>>> print(open('my_file_8.csv').read())   # CSV, C-alpha atoms and all ligand atoms
chain,number,residue,atom,x,y,z
T,77,MET,CA,28.4,142.8,215.2
T,78,THR,CA,28.3,140.2,212.4
T,79,VAL,CA,28.5,140.3,208.6
T,80,SER,CA,24.7,140.5,208.5
T,81,HIS,CA,24.9,143.9,210.2
T,82,MET,CA,27.0,145.3,207.4
T,83,VAL,CA,25.5,147.8,205.1
T,84,VAL,CA,26.9,148.4,201.6
T,85,VAL,CA,26.4,151.9,200.2
T,86,ASP,CA,27.2,153.6,197.0
T,87,LEU,CA,30.5,155.6,197.4
T,88,GLU,CA,29.1,158.6,195.4
T,89,SER,CA,25.5,158.8,196.4
T,90,GLY,CA,25.5,157.1,199.8
T,91,GLU,CA,22.5,155.1,198.8
T,92,VAL,CA,22.1,151.6,200.4
T,93,VAL,CA,23.1,148.9,197.9
T,94,GLU,CA,22.9,145.9,200.2
T,95,GLY,CA,21.9,145.2,203.8
T,96,ARG,CA,18.8,145.7,205.9
T,97,LEU,CA,20.0,148.1,208.6
T,98,ALA,CA,20.5,151.9,208.3
T,99,PRO,CA,24.1,152.9,207.6
T,100,SER,CA,26.2,154.8,210.2
T,101,SER,CA,24.9,158.3,211.2
T,102,ASN,CA,28.3,159.5,210.2
T,103,LEU,CA,28.1,158.0,206.7
T,104,LEU,CA,28.2,161.4,205.0
T,105,THR,CA,31.4,162.4,206.9
T,106,HIS,CA,33.0,159.1,205.7
T,107,LEU,CA,31.9,159.7,202.1
T,108,ALA,CA,33.3,163.3,202.2
T,109,LEU,CA,36.7,161.8,203.2
T,110,TYR,CA,36.7,159.0,200.6
T,111,GLN,CA,35.8,161.6,197.9
T,112,ALA,CA,38.5,164.1,199.0
T,113,PHE,CA,41.2,161.6,199.7
T,114,PRO,CA,40.8,159.0,196.8
T,115,GLN,CA,43.9,157.0,197.9
T,116,ILE,CA,42.3,155.8,201.2
T,117,GLY,CA,40.3,152.6,201.5
T,118,GLY,CA,39.0,152.8,205.1
T,119,VAL,CA,37.8,155.4,207.6
T,120,VAL,CA,37.3,154.9,211.4
T,121,HIS,CA,35.6,157.2,213.9
T,122,THR,CA,35.8,156.7,217.6
T,123,HIS,CA,35.3,158.6,220.8
T,124,SER,CA,38.4,157.0,222.3
T,125,ARG,CA,39.2,158.7,225.6
T,126,PHE,CA,42.6,160.4,225.2
T,127,ALA,CA,42.3,161.3,221.6
T,128,THR,CA,38.8,162.8,222.3
T,129,ALA,CA,40.3,164.8,225.2
T,130,PHE,CA,42.7,166.5,222.8
T,131,ALA,CA,39.7,167.2,220.4
T,132,GLN,CA,37.7,168.6,223.3
T,133,ALA,CA,40.7,170.9,224.3
T,134,GLY,CA,40.9,172.0,220.6
T,135,ARG,CA,44.5,170.9,220.4
T,136,GLY,CA,46.4,169.0,217.9
T,137,ILE,CA,49.0,166.4,219.1
T,138,LEU,CA,52.6,167.3,218.4
T,139,PRO,CA,55.0,164.6,217.7
T,140,LEU,CA,56.6,164.2,221.2
T,141,GLY,CA,58.3,160.8,220.5
T,142,THR,CA,59.0,158.1,218.1
T,143,THR,CA,55.8,156.1,218.7
T,144,HIS,CA,54.0,159.1,217.2
T,145,ALA,CA,56.6,159.3,214.4
T,146,ASP,CA,56.1,155.6,213.5
T,147,TYR,CA,52.5,156.4,212.4
T,148,PHE,CA,52.1,160.1,211.8
T,149,TYR,CA,54.6,162.3,210.0
T,150,GLY,CA,54.0,165.4,211.9
T,151,GLU,CA,51.3,166.9,214.1
T,152,ILE,CA,47.9,165.2,214.3
T,153,PRO,CA,45.8,168.3,213.5
T,154,CYS,CA,42.7,169.5,215.2
T,155,THR,CA,40.0,171.1,213.0
T,156,ARG,CA,38.4,174.5,213.6
T,157,GLU,CA,35.1,174.6,215.4
T,158,LEU,CA,32.1,174.2,213.2
T,159,THR,CA,30.0,177.3,212.8
T,160,PRO,CA,26.4,177.3,214.1
T,161,ALA,CA,25.2,177.4,210.4
T,162,GLU,CA,27.3,174.3,209.7
T,163,ILE,CA,26.0,172.5,212.7
T,164,SER,CA,22.3,173.2,212.0
T,165,GLY,CA,22.8,172.6,208.3
T,166,ALA,CA,24.4,169.5,206.6
T,167,TYR,CA,26.2,168.6,209.8
T,168,GLU,CA,27.8,165.3,208.8
T,169,ILE,CA,29.0,166.7,205.5
T,170,GLU,CA,30.4,169.8,207.1
T,171,MET,CA,32.3,167.6,209.6
T,172,GLY,CA,34.1,166.0,206.7
T,173,ALA,CA,34.6,169.4,205.1
T,174,VAL,CA,36.4,170.8,208.1
T,175,ILE,CA,38.8,167.8,208.1
T,176,VAL,CA,39.4,168.3,204.4
T,177,GLU,CA,39.9,172.0,204.9
T,178,ARG,CA,42.5,171.3,207.6
T,179,PHE,CA,44.4,169.2,205.2
T,180,THR,CA,44.8,171.9,202.6
T,181,ASP,CA,48.5,172.0,203.2
T,182,LEU,CA,48.8,168.5,204.7
T,183,ASP,CA,49.3,165.1,203.1
T,184,PRO,CA,46.5,162.7,204.3
T,185,LYS,CA,48.7,159.7,203.4
T,186,SER,CA,51.5,160.6,205.8
T,187,ILE,CA,49.1,162.0,208.5
T,188,PRO,CA,46.3,159.5,208.5
T,189,GLY,CA,44.0,161.1,211.0
T,190,ALA,CA,42.6,164.3,212.5
T,191,LEU,CA,40.7,165.4,215.5
T,192,VAL,CA,37.4,167.2,215.0
T,193,HIS,CA,37.2,170.1,217.5
T,194,GLY,CA,34.9,169.3,220.4
T,195,HIS,CA,34.1,165.8,219.0
T,196,GLY,CA,36.7,163.2,218.5
T,197,PRO,CA,39.2,161.5,216.2
T,198,PHE,CA,38.8,160.2,212.6
T,199,THR,CA,41.5,158.1,211.1
T,200,TRP,CA,41.9,156.5,207.7
T,201,GLY,CA,44.2,154.0,205.9
T,202,ARG,CA,44.9,152.1,202.8
T,203,ASP,CA,42.1,149.7,203.8
T,204,ALA,CA,39.8,149.1,206.8
T,205,THR,CA,42.4,147.3,208.8
T,206,GLY,CA,44.9,150.1,208.3
T,207,ALA,CA,42.3,152.6,209.4
T,208,VAL,CA,41.6,150.6,212.6
T,209,GLN,CA,45.4,150.3,213.3
T,210,ASN,CA,45.8,154.0,213.0
T,211,ALA,CA,42.8,154.6,215.3
T,212,ALA,CA,44.5,152.4,217.9
T,213,ALA,CA,47.9,154.0,217.4
T,214,LEU,CA,46.3,157.5,217.7
T,215,GLU,CA,44.7,156.6,221.0
T,216,GLU,CA,48.0,155.3,222.4
T,217,ILE,CA,49.9,158.3,221.1
T,218,ALA,CA,47.3,160.6,222.7
T,219,CYS,CA,47.6,158.8,226.0
T,220,MET,CA,51.4,159.1,226.0
T,221,ALA,CA,51.2,162.8,225.0
T,222,THR,CA,48.8,163.4,227.9
T,223,LEU,CA,51.2,161.8,230.4
T,224,THR,CA,54.2,163.6,228.9
T,225,LEU,CA,52.5,167.0,229.0
T,226,SER,CA,51.4,166.4,232.6
T,227,LEU,CA,55.0,165.7,233.6
T,228,ALA,CA,56.5,168.5,231.5
T,229,PRO,CA,53.9,170.9,229.9
T,230,ASP,CA,56.5,172.6,227.7
T,231,THR,CA,57.9,169.4,226.1
T,232,PRO,CA,58.9,170.3,222.6
T,233,PRO,CA,58.3,168.1,219.6
T,234,ILE,CA,61.1,165.8,218.5
T,235,GLY,CA,63.4,167.1,215.9
T,236,ASP,CA,62.9,166.6,212.1
T,237,ALA,CA,65.7,164.1,211.8
T,238,LEU,CA,64.2,161.7,214.4
T,239,LEU,CA,60.7,162.2,213.1
T,240,ALA,CA,61.8,161.5,209.5
T,241,ARG,CA,63.9,158.5,210.5
T,242,HIS,CA,61.1,156.8,212.3
T,243,TYR,CA,58.3,157.6,209.9
T,244,LEU,CA,60.3,156.8,206.7
T,245,ARG,CA,61.7,153.4,208.0
T,246,LYS,CA,58.1,152.2,208.2
T,247,HIS,CA,56.6,154.0,205.3
T,248,GLY,CA,57.6,154.9,201.8
T,249,PRO,CA,59.9,153.3,199.2
T,250,ARG,CA,62.9,152.8,201.5
T,251,SER,CA,61.0,151.4,204.5
T,252,TYR,CA,62.8,148.6,206.2
T,253,TYR,CA,61.1,148.3,209.6
T,254,GLY,CA,60.0,144.8,210.7
T,255,GLN,CA,61.3,141.3,210.1
T,256,THR,CA,59.9,140.4,206.7
T,301,ZN,ZN,31.2,160.9,216.9
>>> encode(input="my_file_8.csv", output="structure tokens")
Amino acid sequence: MTVSHMVVVDLESGEVVEGRLAPSSNLLTHLALYQAFPQIGGVVHTHSRFATAFAQAGRGILPLGTTHADYFYGEIPCTRELTPAEISGAYEIEMGAVIVERFTDLDPKSIPGALVHGHGPFTWGRDATGAVQNAAALEEIACMATLTLSLAPDTPPIGDALLARHYLRKHGPRSYYGQT
């Protein structure tokens, strides 16, 4: 893929502004997320193996360790199943809508991703790079969670103190993680 393959679309209407190719088939899902979560600047959708396995199982990923807590401040949620009417209707828009619905009581900034039931992960970030980093982190977290749950199916999530310590040292006003 090169720059010439990029397609620029209007954020409100989804109409192509620049580029010769058709935009992603999931364009309307991405637009629904940009419109509902105005603070985000990038959305990534993959069918990465371990994250998709959780989506197929209809299961969110609980924070089982500090790798999770470094990126996601709590469970990475799974949406409900889409209804037959939603699937046969405006499918891509409805896919965005079930993610937004799942975040009714969640903060998309501190939990920058979700699993769409039976489909796969969507992540987002401050910009495109952040969204890609969160997609890679989600896949690694999902892999670790799969291994952990295979060793000990009843593994509980880490406690709030450890979750907060790891999340907040990398994010938020008092973050200090790293060397710069
Ligand atoms: Zn997909």
>>> closest_residue(input="my_file_8.csv", among="T:Ser100, T:Ser89, T:Thr231, T:Ser80", to="Glu168 (chain T)", atoms="only C-alpha atoms")
T:Ser100
>>> residues_near_ligand(input="my_file_8.csv", ligand="ligand ZN 301 (chain T)", cutoff="10 Å", atoms="all atoms listed in the file", output="PyMOL selection string")
chain T and resi 101-102+121-124+128+168+171+192+194-198
>>> closest_residue(input="my_file_8.csv", among="T:Val119, T:Ala204, T:Leu191, T:Ala173", to="Ala133 (chain T)", atoms="all atoms listed in the file")
T:Leu191
>>> closest_residue(input="my_file_8.csv", among="T:Met77, T:Ala207, T:Ala129, T:Ala240", to="Cys154 (chain T)", atoms="only C-alpha atoms")
T:Ala129
>>> closest_residue(input="my_file_8.csv", among="T:Asp236, T:Asp86, T:Glu91, T:Glu151", to="Asp183 (chain T)", atoms="all atoms listed in the file")
T:Glu151
>>> closest_residue(input="my_file_8.csv", among="T:Ile217, T:Ala237, T:Val93, T:Leu225", to="Thr143 (chain T)", atoms="all atoms listed in the file")
T:Ile217
>>> atom_distance(input="my_file_8.csv", atom1="CA of Val84 (chain T)", atom2="CA of Leu97 (chain T)")
9.8 Å
>>> residues_around(input="my_file_8.csv", residues="region 105-115 of chain T", least_positions_apart="5", cutoff="9 Å", atoms="all atoms listed in the file", output="PyMOL selection string")
chain T and resi 87-90+120-121+167-173+175-176+184-185+200-202
>>> closest_residue(input="my_file_8.csv", among="T:Pro153, T:Pro229, T:Pro249, T:Gly165", to="Thr180 (chain T)", atoms="only C-alpha atoms")
T:Pro153
>>> atom_distance(input="my_file_8.csv", atom1="CA of Arg245 (chain T)", atom2="CA of Thr222 (chain T)")
25.7 Å
>>> atom_distance(input="my_file_8.csv", atom1="CA of Arg241 (chain T)", atom2="CA of Asp146 (chain T)")
8.8 Å
>>> residues_around(input="my_file_8.csv", residues="Thr205 (chain T)", least_positions_apart="5", cutoff="12 Å", atoms="all atoms listed in the file", output="list in words")
Ile116, Gly117, Gly118, Val119, Val120, Thr199, Trp200, Asn210, Ala211 and Ala212 of chain T
>>> residues_around(input="my_file_8.csv", residues="Ala127 (chain T)", least_positions_apart="3", cutoff="6 Å", atoms="all atoms listed in the file", output="list in words")
Ser124, Phe130, Glu215 and Ala218 of chain T
>>> write_last_selection(input="my_file_8.csv", atoms="C-alpha atoms", output="compact mmCIF listing (two decimals), in the coordinates of the input")
# COMPACT_ATOMS: atom_id res chain seq x y z
CA SER T 124 38.40 157.00 222.30
CA PHE T 130 42.70 166.50 222.80
CA GLU T 215 44.70 156.60 221.00
CA ALA T 218 47.30 160.60 222.70
>>> residues_near_point(input="my_file_8.csv", point="(41.3, 177.5, 217.8)", cutoff="8 Å", atoms="only C-alpha atoms", output="NGL selection string")
:T and (134-135 or 156-157)
>>> build_atoms(input="my_file_8.csv", residues="region 109-132 of chain T", atoms="N, CA, C and O atoms", output="PDB file, in the frame of the given file")
ATOM      1  N   LEU T 109      35.285 162.146 203.139  1.00  0.00           N
ATOM      2  CA  LEU T 109      36.700 161.800 203.200  1.00  0.00           C
ATOM      3  C   LEU T 109      37.147 160.924 202.056  1.00  0.00           C
ATOM      4  O   LEU T 109      38.190 161.155 201.446  1.00  0.00           O
ATOM      5  N   TYR T 110      36.332 159.914 201.747  1.00  0.00           N
ATOM      6  CA  TYR T 110      36.700 159.000 200.600  1.00  0.00           C
ATOM      7  C   TYR T 110      36.756 159.848 199.310  1.00  0.00           C
ATOM      8  O   TYR T 110      37.609 159.602 198.452  1.00  0.00           O
ATOM      9  N   GLN T 111      35.853 160.813 199.165  1.00  0.00           N
ATOM     10  CA  GLN T 111      35.800 161.600 197.900  1.00  0.00           C
ATOM     11  C   GLN T 111      37.001 162.567 197.838  1.00  0.00           C
ATOM     12  O   GLN T 111      37.571 162.782 196.776  1.00  0.00           O
ATOM     13  N   ALA T 112      37.390 163.143 198.989  1.00  0.00           N
ATOM     14  CA  ALA T 112      38.500 164.100 199.000  1.00  0.00           C
ATOM     15  C   ALA T 112      39.859 163.463 198.968  1.00  0.00           C
ATOM     16  O   ALA T 112      40.819 164.030 198.438  1.00  0.00           O
ATOM     17  N   PHE T 113      39.942 162.274 199.577  1.00  0.00           N
ATOM     18  CA  PHE T 113      41.200 161.600 199.700  1.00  0.00           C
ATOM     19  C   PHE T 113      41.094 160.226 198.935  1.00  0.00           C
ATOM     20  O   PHE T 113      40.917 159.173 199.561  1.00  0.00           O
ATOM     21  N   PRO T 114      41.164 160.235 197.612  1.00  0.00           N
ATOM     22  CA  PRO T 114      40.800 159.000 196.800  1.00  0.00           C
ATOM     23  C   PRO T 114      41.772 157.841 197.096  1.00  0.00           C
ATOM     24  O   PRO T 114      41.430 156.704 196.782  1.00  0.00           O
ATOM     25  N   GLN T 115      42.943 158.116 197.693  1.00  0.00           N
ATOM     26  CA  GLN T 115      43.900 157.000 197.900  1.00  0.00           C
ATOM     27  C   GLN T 115      43.537 156.179 199.141  1.00  0.00           C
ATOM     28  O   GLN T 115      44.157 155.142 199.381  1.00  0.00           O
ATOM     29  N   ILE T 116      42.559 156.591 199.950  1.00  0.00           N
ATOM     30  CA  ILE T 116      42.300 155.800 201.200  1.00  0.00           C
ATOM     31  C   ILE T 116      41.177 154.793 200.903  1.00  0.00           C
ATOM     32  O   ILE T 116      40.359 154.938 200.004  1.00  0.00           O
ATOM     33  N   GLY T 117      41.216 153.721 201.723  1.00  0.00           N
ATOM     34  CA  GLY T 117      40.300 152.600 201.500  1.00  0.00           C
ATOM     35  C   GLY T 117      39.551 152.253 202.819  1.00  0.00           C
ATOM     36  O   GLY T 117      38.884 151.209 202.882  1.00  0.00           O
ATOM     37  N   GLY T 118      39.682 153.063 203.853  1.00  0.00           N
ATOM     38  CA  GLY T 118      39.000 152.800 205.100  1.00  0.00           C
ATOM     39  C   GLY T 118      38.996 154.009 205.987  1.00  0.00           C
ATOM     40  O   GLY T 118      39.979 154.770 205.985  1.00  0.00           O
ATOM     41  N   VAL T 119      37.896 154.247 206.688  1.00  0.00           N
ATOM     42  CA  VAL T 119      37.800 155.400 207.600  1.00  0.00           C
ATOM     43  C   VAL T 119      37.232 154.842 208.933  1.00  0.00           C
ATOM     44  O   VAL T 119      36.316 154.004 208.935  1.00  0.00           O
ATOM     45  N   VAL T 120      37.800 155.296 210.051  1.00  0.00           N
ATOM     46  CA  VAL T 120      37.300 154.900 211.400  1.00  0.00           C
ATOM     47  C   VAL T 120      37.070 156.130 212.214  1.00  0.00           C
ATOM     48  O   VAL T 120      37.871 157.074 212.198  1.00  0.00           O
ATOM     49  N   HIS T 121      35.953 156.125 212.917  1.00  0.00           N
ATOM     50  CA  HIS T 121      35.600 157.200 213.900  1.00  0.00           C
ATOM     51  C   HIS T 121      35.376 156.600 215.218  1.00  0.00           C
ATOM     52  O   HIS T 121      34.611 155.649 215.326  1.00  0.00           O
ATOM     53  N   THR T 122      36.044 157.136 216.235  1.00  0.00           N
ATOM     54  CA  THR T 122      35.800 156.700 217.600  1.00  0.00           C
ATOM     55  C   THR T 122      35.632 157.881 218.514  1.00  0.00           C
ATOM     56  O   THR T 122      35.831 159.027 218.095  1.00  0.00           O
ATOM     57  N   HIS T 123      35.256 157.587 219.746  1.00  0.00           N
ATOM     58  CA  HIS T 123      35.300 158.600 220.800  1.00  0.00           C
ATOM     59  C   HIS T 123      36.307 158.080 221.860  1.00  0.00           C
ATOM     60  O   HIS T 123      36.044 158.178 223.056  1.00  0.00           O
ATOM     61  N   SER T 124      37.424 157.508 221.394  1.00  0.00           N
ATOM     62  CA  SER T 124      38.400 157.000 222.300  1.00  0.00           C
ATOM     63  C   SER T 124      38.885 158.097 223.264  1.00  0.00           C
ATOM     64  O   SER T 124      39.002 159.255 222.858  1.00  0.00           O
ATOM     65  N   ARG T 125      39.151 157.707 224.516  1.00  0.00           N
ATOM     66  CA  ARG T 125      39.200 158.700 225.600  1.00  0.00           C
ATOM     67  C   ARG T 125      40.276 159.773 225.438  1.00  0.00           C
ATOM     68  O   ARG T 125      39.988 160.966 225.527  1.00  0.00           O
ATOM     69  N   PHE T 126      41.515 159.367 225.206  1.00  0.00           N
ATOM     70  CA  PHE T 126      42.600 160.400 225.200  1.00  0.00           C
ATOM     71  C   PHE T 126      42.597 161.202 223.927  1.00  0.00           C
ATOM     72  O   PHE T 126      42.817 162.415 223.982  1.00  0.00           O
ATOM     73  N   ALA T 127      42.338 160.571 222.801  1.00  0.00           N
ATOM     74  CA  ALA T 127      42.300 161.300 221.600  1.00  0.00           C
ATOM     75  C   ALA T 127      41.104 162.344 221.637  1.00  0.00           C
ATOM     76  O   ALA T 127      41.226 163.500 221.202  1.00  0.00           O
ATOM     77  N   THR T 128      39.982 161.917 222.209  1.00  0.00           N
ATOM     78  CA  THR T 128      38.800 162.800 222.300  1.00  0.00           C
ATOM     79  C   THR T 128      39.142 163.960 223.299  1.00  0.00           C
ATOM     80  O   THR T 128      38.674 165.091 223.100  1.00  0.00           O
ATOM     81  N   ALA T 129      39.962 163.698 224.324  1.00  0.00           N
ATOM     82  CA  ALA T 129      40.300 164.800 225.200  1.00  0.00           C
ATOM     83  C   ALA T 129      41.073 165.882 224.493  1.00  0.00           C
ATOM     84  O   ALA T 129      40.829 167.075 224.722  1.00  0.00           O
ATOM     85  N   PHE T 130      41.969 165.503 223.578  1.00  0.00           N
ATOM     86  CA  PHE T 130      42.700 166.500 222.800  1.00  0.00           C
ATOM     87  C   PHE T 130      41.654 167.269 221.885  1.00  0.00           C
ATOM     88  O   PHE T 130      41.733 168.492 221.733  1.00  0.00           O
ATOM     89  N   ALA T 131      40.717 166.538 221.297  1.00  0.00           N
ATOM     90  CA  ALA T 131      39.700 167.200 220.400  1.00  0.00           C
ATOM     91  C   ALA T 131      38.871 168.162 221.262  1.00  0.00           C
ATOM     92  O   ALA T 131      38.543 169.249 220.792  1.00  0.00           O
ATOM     93  N   GLN T 132      38.532 167.773 222.484  1.00  0.00           N
ATOM     94  CA  GLN T 132      37.700 168.600 223.300  1.00  0.00           C
ATOM     95  C   GLN T 132      38.525 169.888 223.755  1.00  0.00           C
ATOM     96  O   GLN T 132      37.954 170.961 223.949  1.00  0.00           O
TER      97      GLN T 132
END
